[in-house]
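One structure below.
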Amino acid sequence: MNKINPLYFLALLGVIMLLSFQLVWNDSIELSKSHAKLRNYKNSVKEYNELKTSVSTKEQVLKELDLLVQNQDFIQANIETKIFNNRAVLRLLTNQKKVMQKFVNRMLNKNMKINRMEATKNYIVVEVKL
Amino acid sequence: MILTLFSNKKIEKLFFTKNSSIKINKPVDLVLSPEFYWVRVFEIPVENSAKSIKLLPTLFEDIVPAYEPLHYHSIKLTGNDFLCFAFNTQEILETIKNSGIKSSQINHIYFAQNYMKEYDAFIIDDSAFMYEKDILIKVPKAFCKDALILNSTINTIAVDKPIDLKQYSSFISDKLIYTLCALFFFVIILNLSKHIFYDVEMEKNLQKIELIKEQNQLPATSFQLQSILENMRIEKNLHKKFNDALFFILNFKSLFPKDSIEKLNYKDGRFILLFKSQDGKKIRRYMQTKLRVLSSSSKNGFTRIEVSI
């Protein structure tokens, strides 16, 4: 004998179907979150790489400082350089206004973080972070 | 059915009439008396009994009362001959219920038509039955005086084809129910497939993130990456602000050629500037256009200004 009313079975399937819709709805929300997370992560990584290239490493800064000291414009000007563990101090003594301006311009155009600066008409001291 | 599968005990067979009153706790097979059905042999040009059932409402039209909601059952005999039954399910179920048998006790239900042939005539529960042209019918007791008086328990007979008796009433047809079931099932499967697909997509996204991490040697968590990024942004911003501020300060000379900067000090985002100028207010106003002036003082033609980038 058929003791179970198929309507009960239909109702059960109906409930399971509704639950499956709920499941898929939740999944679609989770998936869009996942896509957004990936998109944001890619953007963050892109920004990270851009920022990374805009900030010089210790080796790059030391190389830049070497080039600066050996530059023809500043050989006469007597640049003193002191390298410490995490900073470098440059002292330029000159009475030539043009040399002073060139030095400042070179410093500003490089990707170096300047911690401290002291300047008068005939000398300039710059402390750079390494 | 389950009981028969797991039990070795024989299930009792009861000949069931409208007068039956049964007190029993065991599972039973019910053999329904002819009171519960109409029976006739029809010649129907179809292959099997399932197809013949579809035609039975029309064939029984002239035999059964039109107002009764009937179900049909058919057994193939020979050739195109079918032994056909019409019965009122609700009436049968009501009678069984009133007799004292619980529906859970019923194993199978059979029509008596084919299973009592070893008796020409018999009396059970004070009702008389006999075969007339191979059809079992109920007759008045006076018609069969020599009939055997039988107990309603008839375990000796062999039964084979139970009838499909529904124990429920339904306002929509079985076909529609099964169609809907199939549809619901299909939708469920579809949704489950989507669920799996979404899971795979999410897993792929996670793998992509892990791959990017490895390729760029990034920290393990996004939180750490955001923290590093924030520090880098601050550092870059500070560098830009310093450059802009220094450029702005040094540009002072082009606007005020008679004045000059005597000394410049920078530390921790602050400039301390010493100007040689007769008009300290003018310099202060100039500085205020782009920088935040923290303090200023003028003395003996010199102006000291402290600004923040």
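Following the order of the structure tokens, first chain is A, next is B, and so on, with residues numbered from 1 inside each chain and ligands from 1 in the order they appear.
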What lies within 10 Å of Tyr286 in chain B using only C-alpha atoms, ignoring chain neighbours under 6 positions off, as a VMD selection string? chain B and resid 248 to 249 252 255
Find the residues around range 68-70 of chain A up to 9 Å (only C-alpha atoms counted), leave out those fewer than 3 positions away in its own chain, and share them as a PDB file with N, CA and C atoms, in the first residue's frame.
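Now in around.pdb:
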ATOM      1  N   LYS A  63      74.639  54.422  -3.484  1.00  0.00           N
ATOM      2  CA  LYS A  63      75.133  54.583  -4.849  1.00  0.00           C
ATOM      3  C   LYS A  63      74.900  56.014  -5.337  1.00  0.00           C
ATOM      4  N   GLU A  64      73.685  56.515  -5.047  1.00  0.00           N
ATOM      5  CA  GLU A  64      73.340  57.887  -5.433  1.00  0.00           C
ATOM      6  C   GLU A  64      74.288  58.888  -4.766  1.00  0.00           C
ATOM      7  N   LEU A  65      74.578  58.658  -3.502  1.00  0.00           N
ATOM      8  CA  LEU A  65      75.461  59.573  -2.760  1.00  0.00           C
ATOM      9  C   LEU A  65      76.877  59.549  -3.339  1.00  0.00           C
ATOM     10  N   ASP A  73      80.621  68.848 -10.683  1.00  0.00           N
ATOM     11  CA  ASP A  73      80.157  70.133 -10.140  1.00  0.00           C
ATOM     12  C   ASP A  73      80.531  70.309  -8.670  1.00  0.00           C
ATOM     13  N   PHE A  74      80.657  69.172  -7.964  1.00  0.00           N
ATOM     14  CA  PHE A  74      80.857  69.278  -6.520  1.00  0.00           C
ATOM     15  C   PHE A  74      82.252  68.877  -6.052  1.00  0.00           C
ATOM     16  N   ILE A  75      83.128  68.494  -7.009  1.00  0.00           N
ATOM     17  CA  ILE A  75      84.485  68.082  -6.614  1.00  0.00           C
ATOM     18  C   ILE A  75      85.221  69.229  -5.919  1.00  0.00           C
ATOM     19  N   ASN A  78      84.122  70.329  -1.981  1.00  0.00           N
ATOM     20  CA  ASN A  78      84.500  69.602  -0.766  1.00  0.00           C
ATOM     21  C   ASN A  78      83.300  69.065   0.013  1.00  0.00           C
ATOM     22  N   ILE A  79      82.728  67.980  -0.474  1.00  0.00           N
ATOM     23  CA  ILE A  79      81.593  67.366   0.231  1.00  0.00           C
ATOM     24  C   ILE A  79      82.123  66.332   1.222  1.00  0.00           C
ATOM     25  N   GLU A  80      81.712  66.496   2.467  1.00  0.00           N
ATOM     26  CA  GLU A  80      82.081  65.508   3.498  1.00  0.00           C
ATOM     27  C   GLU A  80      80.915  64.530   3.642  1.00  0.00           C
ATOM     28  N   THR A  81      81.241  63.282   3.679  1.00  0.00           N
ATOM     29  CA  THR A  81      80.169  62.281   3.826  1.00  0.00           C
ATOM     30  C   THR A  81      80.474  61.387   5.029  1.00  0.00           C
ATOM     31  N   PHE A 103      73.224  71.472  -5.826  1.00  0.00           N
ATOM     32  CA  PHE A 103      73.242  70.417  -4.802  1.00  0.00           C
ATOM     33  C   PHE A 103      71.822  70.165  -4.249  1.00  0.00           C
ATOM     34  N   ARG A 106      69.672  68.456  -6.893  1.00  0.00           N
ATOM     35  CA  ARG A 106      70.009  67.028  -7.026  1.00  0.00           C
ATOM     36  C   ARG A 106      69.404  66.214  -5.881  1.00  0.00           C
ATOM     37  N   MET A 107      69.505  66.783  -4.690  1.00  0.00           N
ATOM     38  CA  MET A 107      68.971  66.077  -3.513  1.00  0.00           C
ATOM     39  C   MET A 107      67.448  65.908  -3.614  1.00  0.00           C
TER      40      MET A 107
END
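Ranking B:Asp29, B:Ile22, B:Tyr119, B:Thr58 by their shortest atom-to-atom distance to Val159 in chain B, with only C-alpha atoms included, puts B:Asp29 first.
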Quick one: pull the distance between CA of Asn71 in chain A and CA of Glu127 in chain A, Å, one decimal.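 Pair CA of Asn71 in chain A / CA of Glu127 in chain A returns 18.9 Å.
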Residues of chain A within 7 Å of chain B, counting only C-alpha atoms - could you list those as a list in words?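 Here is what falls inside 7 Å: Met1, Asn2, Lys3, Asn5, Pro6, Leu7, Leu10, Leu13, Gly14, Met17, Ser20, Phe21, Val24, Asp27, Leu31, Ser34, His35, Leu38, Tyr48, Leu51, Leu108, Lys113, Asn115, Arg116, Met117, Glu118, Ala119, Thr120 and Lys121 of chain A.
Distance-wise, CA of Gln278 in chain B and CA of Lys97 in chain A end up 22.8 Å apart.
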Among range 22-230 of chain B, which residues carry a DSSP assignment of strand (DSSP E), reported as a ChimeraX atom specification? /B:28-32,37-43,71-76,81-87,106-111,121-124,127-132,135-139,148-149
Straight-line distance linking CA of Met116 in chain B with CA of Tyr131 in chain B, stated in Å to one decimal: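 CA of Tyr131 in chain B lies 8.8 Å from CA of Met116 in chain B.
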Go through A:Gln60, A:Ser32, A:Asn122, A:Asn26 and flag the residue nearest Gln101 in chain A, using only C-alpha atoms for the distances.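 Ranked by minimum distance to Gln101 in chain A, first place goes to A:Asn122.
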So which one's closest to Ile124 in chain A, A:Lys98, A:Lys52, A:Lys33, A:Arg91? Using only C-alpha atoms, please.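 Looking at the shortest contact to Ile124 in chain A, the residue is A:Arg91.
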Identify, on the basis of only C-alpha atoms, every residue whose closest approach to range 124-126 of chain B does not exceed 9 Å; exclude the query and any residue fewer than 2 positions from it along the same chain; express the result as JSON, numbers by chain. {"B": [15, 16, 17, 18, 19, 20, 21, 122, 128, 129, 141, 148, 149, 150, 151, 152]}
Mind writing the picked residues with N, CA and C atoms as a short mmCIF file (atom, residue, chain, number, x, y, z; two decimals), in the first residue's frame?
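What ended up in part_35.cif:
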data_model
loop_
_atom_site.label_atom_id
_atom_site.label_comp_id
_atom_site.auth_asym_id
_atom_site.auth_seq_id
_atom_site.Cartn_x
_atom_site.Cartn_y
_atom_site.Cartn_z
N PHE B 15 -9.71 -12.65 5.48
CA PHE B 15 -10.76 -12.35 4.50
C PHE B 15 -11.60 -11.23 5.11
N PHE B 16 -11.66 -10.11 4.40
CA PHE B 16 -12.24 -8.92 5.00
C PHE B 16 -13.56 -8.57 4.33
N THR B 17 -14.62 -8.51 5.17
CA THR B 17 -15.95 -8.12 4.64
C THR B 17 -16.38 -6.84 5.35
N LYS B 18 -17.52 -6.32 4.93
CA LYS B 18 -18.01 -5.10 5.56
C LYS B 18 -18.48 -5.36 6.99
N ASN B 19 -18.70 -6.66 7.32
CA ASN B 19 -19.13 -6.99 8.69
C ASN B 19 -17.94 -7.33 9.60
N SER B 20 -16.74 -7.36 9.05
CA SER B 20 -15.58 -7.79 9.84
C SER B 20 -15.32 -6.86 11.01
N SER B 21 -15.04 -7.49 12.15
CA SER B 21 -14.61 -6.73 13.32
C SER B 21 -13.41 -7.48 13.88
N PHE B 122 -18.87 -20.28 0.05
CA PHE B 122 -18.42 -20.25 1.46
C PHE B 122 -19.09 -19.10 2.20
N ALA B 128 -22.39 -14.74 2.64
CA ALA B 128 -22.17 -15.87 1.73
C ALA B 128 -21.58 -15.40 0.41
N PHE B 129 -20.66 -16.23 -0.10
CA PHE B 129 -20.00 -15.89 -1.37
C PHE B 129 -19.93 -17.14 -2.22
N LYS B 141 -27.50 -15.76 1.97
CA LYS B 141 -27.12 -17.06 2.57
C LYS B 141 -28.04 -18.19 2.11
N LEU B 148 -19.43 -23.90 2.74
CA LEU B 148 -18.54 -24.09 3.89
C LEU B 148 -18.53 -22.84 4.75
N ILE B 149 -18.50 -23.06 6.02
CA ILE B 149 -18.39 -21.89 6.90
C ILE B 149 -16.90 -21.75 7.26
N LEU B 150 -16.34 -20.65 6.86
CA LEU B 150 -14.89 -20.46 7.05
C LEU B 150 -14.62 -19.40 8.11
N ASN B 151 -13.42 -19.58 8.71
CA ASN B 151 -12.92 -18.55 9.62
C ASN B 151 -12.36 -17.41 8.78
N SER B 152 -12.41 -16.24 9.30
CA SER B 152 -11.88 -15.12 8.48
C SER B 152 -10.37 -15.20 8.28
#
Among range 28-103 of chain A, which ones does DSSP place in alpha helix (DSSP H), written as a PyMOL selection string? chain A and resi 28-54+58-70+72-75+97-103
Could you dump the residues just selected with N, CA and C atoms as a short mmCIF file (atom, residue, chain, number, x, y, z; two decimals), in the first residue's frame?
data_model
loop_
_atom_site.label_atom_id
_atom_site.label_comp_id
_atom_site.auth_asym_id
_atom_site.auth_seq_id
_atom_site.Cartn_x
_atom_site.Cartn_y
_atom_site.Cartn_z
N SER A 28 26.49 33.27 -3.99
CA SER A 28 26.72 34.34 -4.97
C SER A 28 27.25 35.58 -4.26
N ILE A 29 26.74 35.83 -3.03
CA ILE A 29 27.24 36.99 -2.26
C ILE A 29 28.71 36.75 -1.91
N GLU A 30 29.00 35.52 -1.44
CA GLU A 30 30.38 35.19 -1.07
C GLU A 30 31.31 35.29 -2.27
N LEU A 31 30.80 34.85 -3.43
CA LEU A 31 31.63 34.88 -4.64
C LEU A 31 31.94 36.33 -5.04
N SER A 32 30.90 37.21 -4.97
CA SER A 32 31.19 38.61 -5.34
C SER A 32 32.18 39.22 -4.34
N LYS A 33 32.06 38.80 -3.06
CA LYS A 33 33.04 39.29 -2.07
C LYS A 33 34.44 38.80 -2.43
N SER A 34 34.49 37.53 -2.85
CA SER A 34 35.77 36.93 -3.20
C SER A 34 36.40 37.65 -4.40
N HIS A 35 35.55 37.96 -5.43
CA HIS A 35 36.04 38.70 -6.60
C HIS A 35 36.55 40.08 -6.18
N ALA A 36 35.77 40.74 -5.31
CA ALA A 36 36.15 42.09 -4.85
C ALA A 36 37.47 42.02 -4.08
N LYS A 37 37.61 40.97 -3.27
CA LYS A 37 38.83 40.80 -2.47
C LYS A 37 40.04 40.65 -3.40
N LEU A 38 39.86 39.81 -4.44
CA LEU A 38 40.95 39.60 -5.40
C LEU A 38 41.30 40.90 -6.12
N ARG A 39 40.24 41.64 -6.53
CA ARG A 39 40.44 42.91 -7.24
C ARG A 39 41.21 43.90 -6.34
N ASN A 40 40.75 44.01 -5.08
CA ASN A 40 41.41 44.93 -4.14
C ASN A 40 42.86 44.52 -3.89
N TYR A 41 43.04 43.19 -3.79
CA TYR A 41 44.39 42.70 -3.53
C TYR A 41 45.32 43.04 -4.68
N LYS A 42 44.81 42.86 -5.91
CA LYS A 42 45.61 43.19 -7.10
C LYS A 42 45.97 44.67 -7.10
N ASN A 43 44.97 45.52 -6.77
CA ASN A 43 45.22 46.97 -6.72
C ASN A 43 46.26 47.32 -5.66
N SER A 44 46.14 46.66 -4.49
CA SER A 44 47.09 46.91 -3.40
C SER A 44 48.50 46.52 -3.83
N VAL A 45 48.60 45.36 -4.51
CA VAL A 45 49.91 44.87 -4.94
C VAL A 45 50.51 45.83 -5.98
N LYS A 46 49.64 46.32 -6.87
CA LYS A 46 50.10 47.27 -7.90
C LYS A 46 50.64 48.54 -7.21
N GLU A 47 49.87 49.02 -6.25
CA GLU A 47 50.29 50.23 -5.52
C GLU A 47 51.58 49.97 -4.75
N TYR A 48 51.65 48.76 -4.14
CA TYR A 48 52.83 48.38 -3.36
C TYR A 48 54.08 48.40 -4.26
N ASN A 49 53.94 47.81 -5.45
CA ASN A 49 55.09 47.76 -6.37
C ASN A 49 55.49 49.16 -6.85
N GLU A 50 54.48 50.00 -7.11
CA GLU A 50 54.77 51.38 -7.52
C GLU A 50 55.49 52.14 -6.42
N LEU A 51 54.97 51.99 -5.18
CA LEU A 51 55.58 52.70 -4.05
C LEU A 51 56.99 52.17 -3.78
N LYS A 52 57.13 50.85 -3.96
CA LYS A 52 58.42 50.22 -3.71
C LYS A 52 59.50 50.79 -4.66
N THR A 53 59.10 50.98 -5.92
CA THR A 53 60.07 51.52 -6.88
C THR A 53 60.36 53.01 -6.62
N SER A 54 59.39 53.70 -5.99
CA SER A 54 59.59 55.13 -5.73
C SER A 54 60.46 55.38 -4.50
N LYS A 58 68.68 50.99 0.67
CA LYS A 58 69.93 51.49 1.28
C LYS A 58 71.06 51.51 0.24
N GLU A 59 71.17 50.42 -0.52
CA GLU A 59 72.23 50.30 -1.53
C GLU A 59 72.08 51.37 -2.61
N GLN A 60 70.79 51.57 -3.02
CA GLN A 60 70.54 52.58 -4.06
C GLN A 60 70.90 53.98 -3.56
N VAL A 61 70.56 54.28 -2.30
CA VAL A 61 70.86 55.60 -1.73
C VAL A 61 72.37 55.80 -1.67
N LEU A 62 73.10 54.78 -1.22
CA LEU A 62 74.57 54.89 -1.11
C LEU A 62 75.19 55.11 -2.49
N LYS A 63 74.64 54.42 -3.48
CA LYS A 63 75.13 54.58 -4.85
C LYS A 63 74.90 56.01 -5.34
N GLU A 64 73.68 56.52 -5.05
CA GLU A 64 73.34 57.89 -5.43
C GLU A 64 74.29 58.89 -4.77
N LEU A 65 74.58 58.66 -3.50
CA LEU A 65 75.46 59.57 -2.76
C LEU A 65 76.88 59.55 -3.34
N ASP A 66 77.33 58.36 -3.70
CA ASP A 66 78.66 58.21 -4.34
C ASP A 66 78.74 59.02 -5.62
N LEU A 67 77.69 58.87 -6.43
CA LEU A 67 77.63 59.60 -7.71
C LEU A 67 77.63 61.11 -7.48
N LEU A 68 76.91 61.50 -6.43
CA LEU A 68 76.81 62.94 -6.09
C LEU A 68 78.18 63.51 -5.70
N VAL A 69 78.88 62.75 -4.85
CA VAL A 69 80.20 63.20 -4.37
C VAL A 69 81.21 63.27 -5.52
N GLN A 70 81.10 62.29 -6.44
CA GLN A 70 82.05 62.25 -7.55
C GLN A 70 81.68 63.18 -8.71
N GLN A 72 81.32 66.19 -11.11
CA GLN A 72 82.29 67.26 -11.44
C GLN A 72 81.93 68.59 -10.78
N ASP A 73 80.62 68.85 -10.68
CA ASP A 73 80.16 70.13 -10.14
C ASP A 73 80.53 70.31 -8.67
N PHE A 74 80.66 69.17 -7.96
CA PHE A 74 80.86 69.28 -6.52
C PHE A 74 82.25 68.88 -6.05
N ILE A 75 83.13 68.49 -7.01
CA ILE A 75 84.48 68.08 -6.61
C ILE A 75 85.22 69.23 -5.92
N LYS A 97 76.95 80.25 -5.00
CA LYS A 97 75.49 80.10 -4.91
C LYS A 97 74.95 79.04 -5.87
N LYS A 98 75.56 78.99 -7.08
CA LYS A 98 75.09 78.05 -8.11
C LYS A 98 75.32 76.60 -7.68
N VAL A 99 76.47 76.37 -7.09
CA VAL A 99 76.80 75.01 -6.62
C VAL A 99 75.80 74.59 -5.55
N MET A 100 75.54 75.51 -4.66
CA MET A 100 74.57 75.24 -3.58
C MET A 100 73.20 74.87 -4.16
N GLN A 101 72.74 75.64 -5.16
CA GLN A 101 71.43 75.39 -5.79
C GLN A 101 71.40 74.03 -6.49
N LYS A 102 72.51 73.75 -7.23
CA LYS A 102 72.58 72.46 -7.93
C LYS A 102 72.50 71.30 -6.94
N PHE A 103 73.22 71.47 -5.83
CA PHE A 103 73.24 70.42 -4.80
C PHE A 103 71.82 70.17 -4.25
#
Please identify all polymer residues within 6 Å of range 45-53 of chain B, counting only C-alpha atoms, omitting same-chain residues fewer than 3 positions from it, and present them as a PyMOL selection string. chain B and resi 56+74-76+80
Any idea what's packed within 9 Å of Ala86 in chain B, counting only C-alpha atoms, ignoring anything in its chain fewer than 4 positions away? Could you give it as number ranges by chain? B: 36-40, 56-57, 60, 64, 70-74
Can you write just those residues out, N, CA, C and O atoms, as a short mmCIF file (atom, residue, chain, number, x, y, z; two decimals), in the first residue's frame?
data_model
loop_
_atom_site.label_atom_id
_atom_site.label_comp_id
_atom_site.auth_asym_id
_atom_site.auth_seq_id
_atom_site.Cartn_x
_atom_site.Cartn_y
_atom_site.Cartn_z
N PHE B 36 -16.45 -4.88 -1.88
CA PHE B 36 -15.63 -3.67 -2.00
C PHE B 36 -15.27 -3.29 -3.42
O PHE B 36 -14.60 -2.29 -3.63
N TYR B 37 -15.63 -4.09 -4.39
CA TYR B 37 -15.21 -3.77 -5.75
C TYR B 37 -16.20 -4.27 -6.79
O TYR B 37 -17.06 -5.11 -6.51
N TRP B 38 -16.08 -3.68 -7.97
CA TRP B 38 -16.80 -4.19 -9.14
C TRP B 38 -15.78 -4.90 -10.01
O TRP B 38 -14.65 -4.39 -10.15
N VAL B 39 -16.13 -6.02 -10.55
CA VAL B 39 -15.16 -6.76 -11.36
C VAL B 39 -15.81 -7.21 -12.67
O VAL B 39 -16.99 -7.54 -12.71
N ARG B 40 -15.04 -7.18 -13.71
CA ARG B 40 -15.55 -7.63 -15.02
C ARG B 40 -14.36 -7.94 -15.93
O ARG B 40 -13.30 -7.30 -15.80
N LEU B 56 -10.33 2.10 -18.32
CA LEU B 56 -11.35 1.51 -17.45
C LEU B 56 -12.45 2.48 -17.02
O LEU B 56 -13.61 2.06 -16.94
N PRO B 57 -12.15 3.75 -16.72
CA PRO B 57 -13.25 4.65 -16.34
C PRO B 57 -14.37 4.66 -17.37
O PRO B 57 -15.56 4.66 -17.02
N PHE B 60 -16.23 1.13 -17.36
CA PHE B 60 -17.06 0.89 -16.16
C PHE B 60 -18.20 1.90 -16.03
O PHE B 60 -19.01 1.79 -15.12
N VAL B 64 -20.87 1.22 -12.82
CA VAL B 64 -20.67 1.76 -11.45
C VAL B 64 -21.46 3.06 -11.29
O VAL B 64 -21.75 3.74 -12.26
N LEU B 70 -13.73 6.70 -8.00
CA LEU B 70 -13.21 5.33 -8.08
C LEU B 70 -11.75 5.28 -8.54
O LEU B 70 -11.27 6.18 -9.22
N HIS B 71 -11.13 4.18 -8.14
CA HIS B 71 -9.81 3.85 -8.68
C HIS B 71 -9.94 2.51 -9.40
O HIS B 71 -10.92 1.79 -9.16
N TYR B 72 -8.93 2.20 -10.21
CA TYR B 72 -9.06 1.00 -11.05
C TYR B 72 -7.83 0.12 -10.96
O TYR B 72 -6.72 0.59 -10.69
N HIS B 73 -8.06 -1.17 -11.20
CA HIS B 73 -6.99 -2.16 -11.12
C HIS B 73 -7.25 -3.18 -12.23
O HIS B 73 -8.41 -3.48 -12.54
N SER B 74 -6.17 -3.69 -12.82
CA SER B 74 -6.38 -4.60 -13.95
C SER B 74 -5.34 -5.72 -13.92
O SER B 74 -4.18 -5.49 -13.58
#
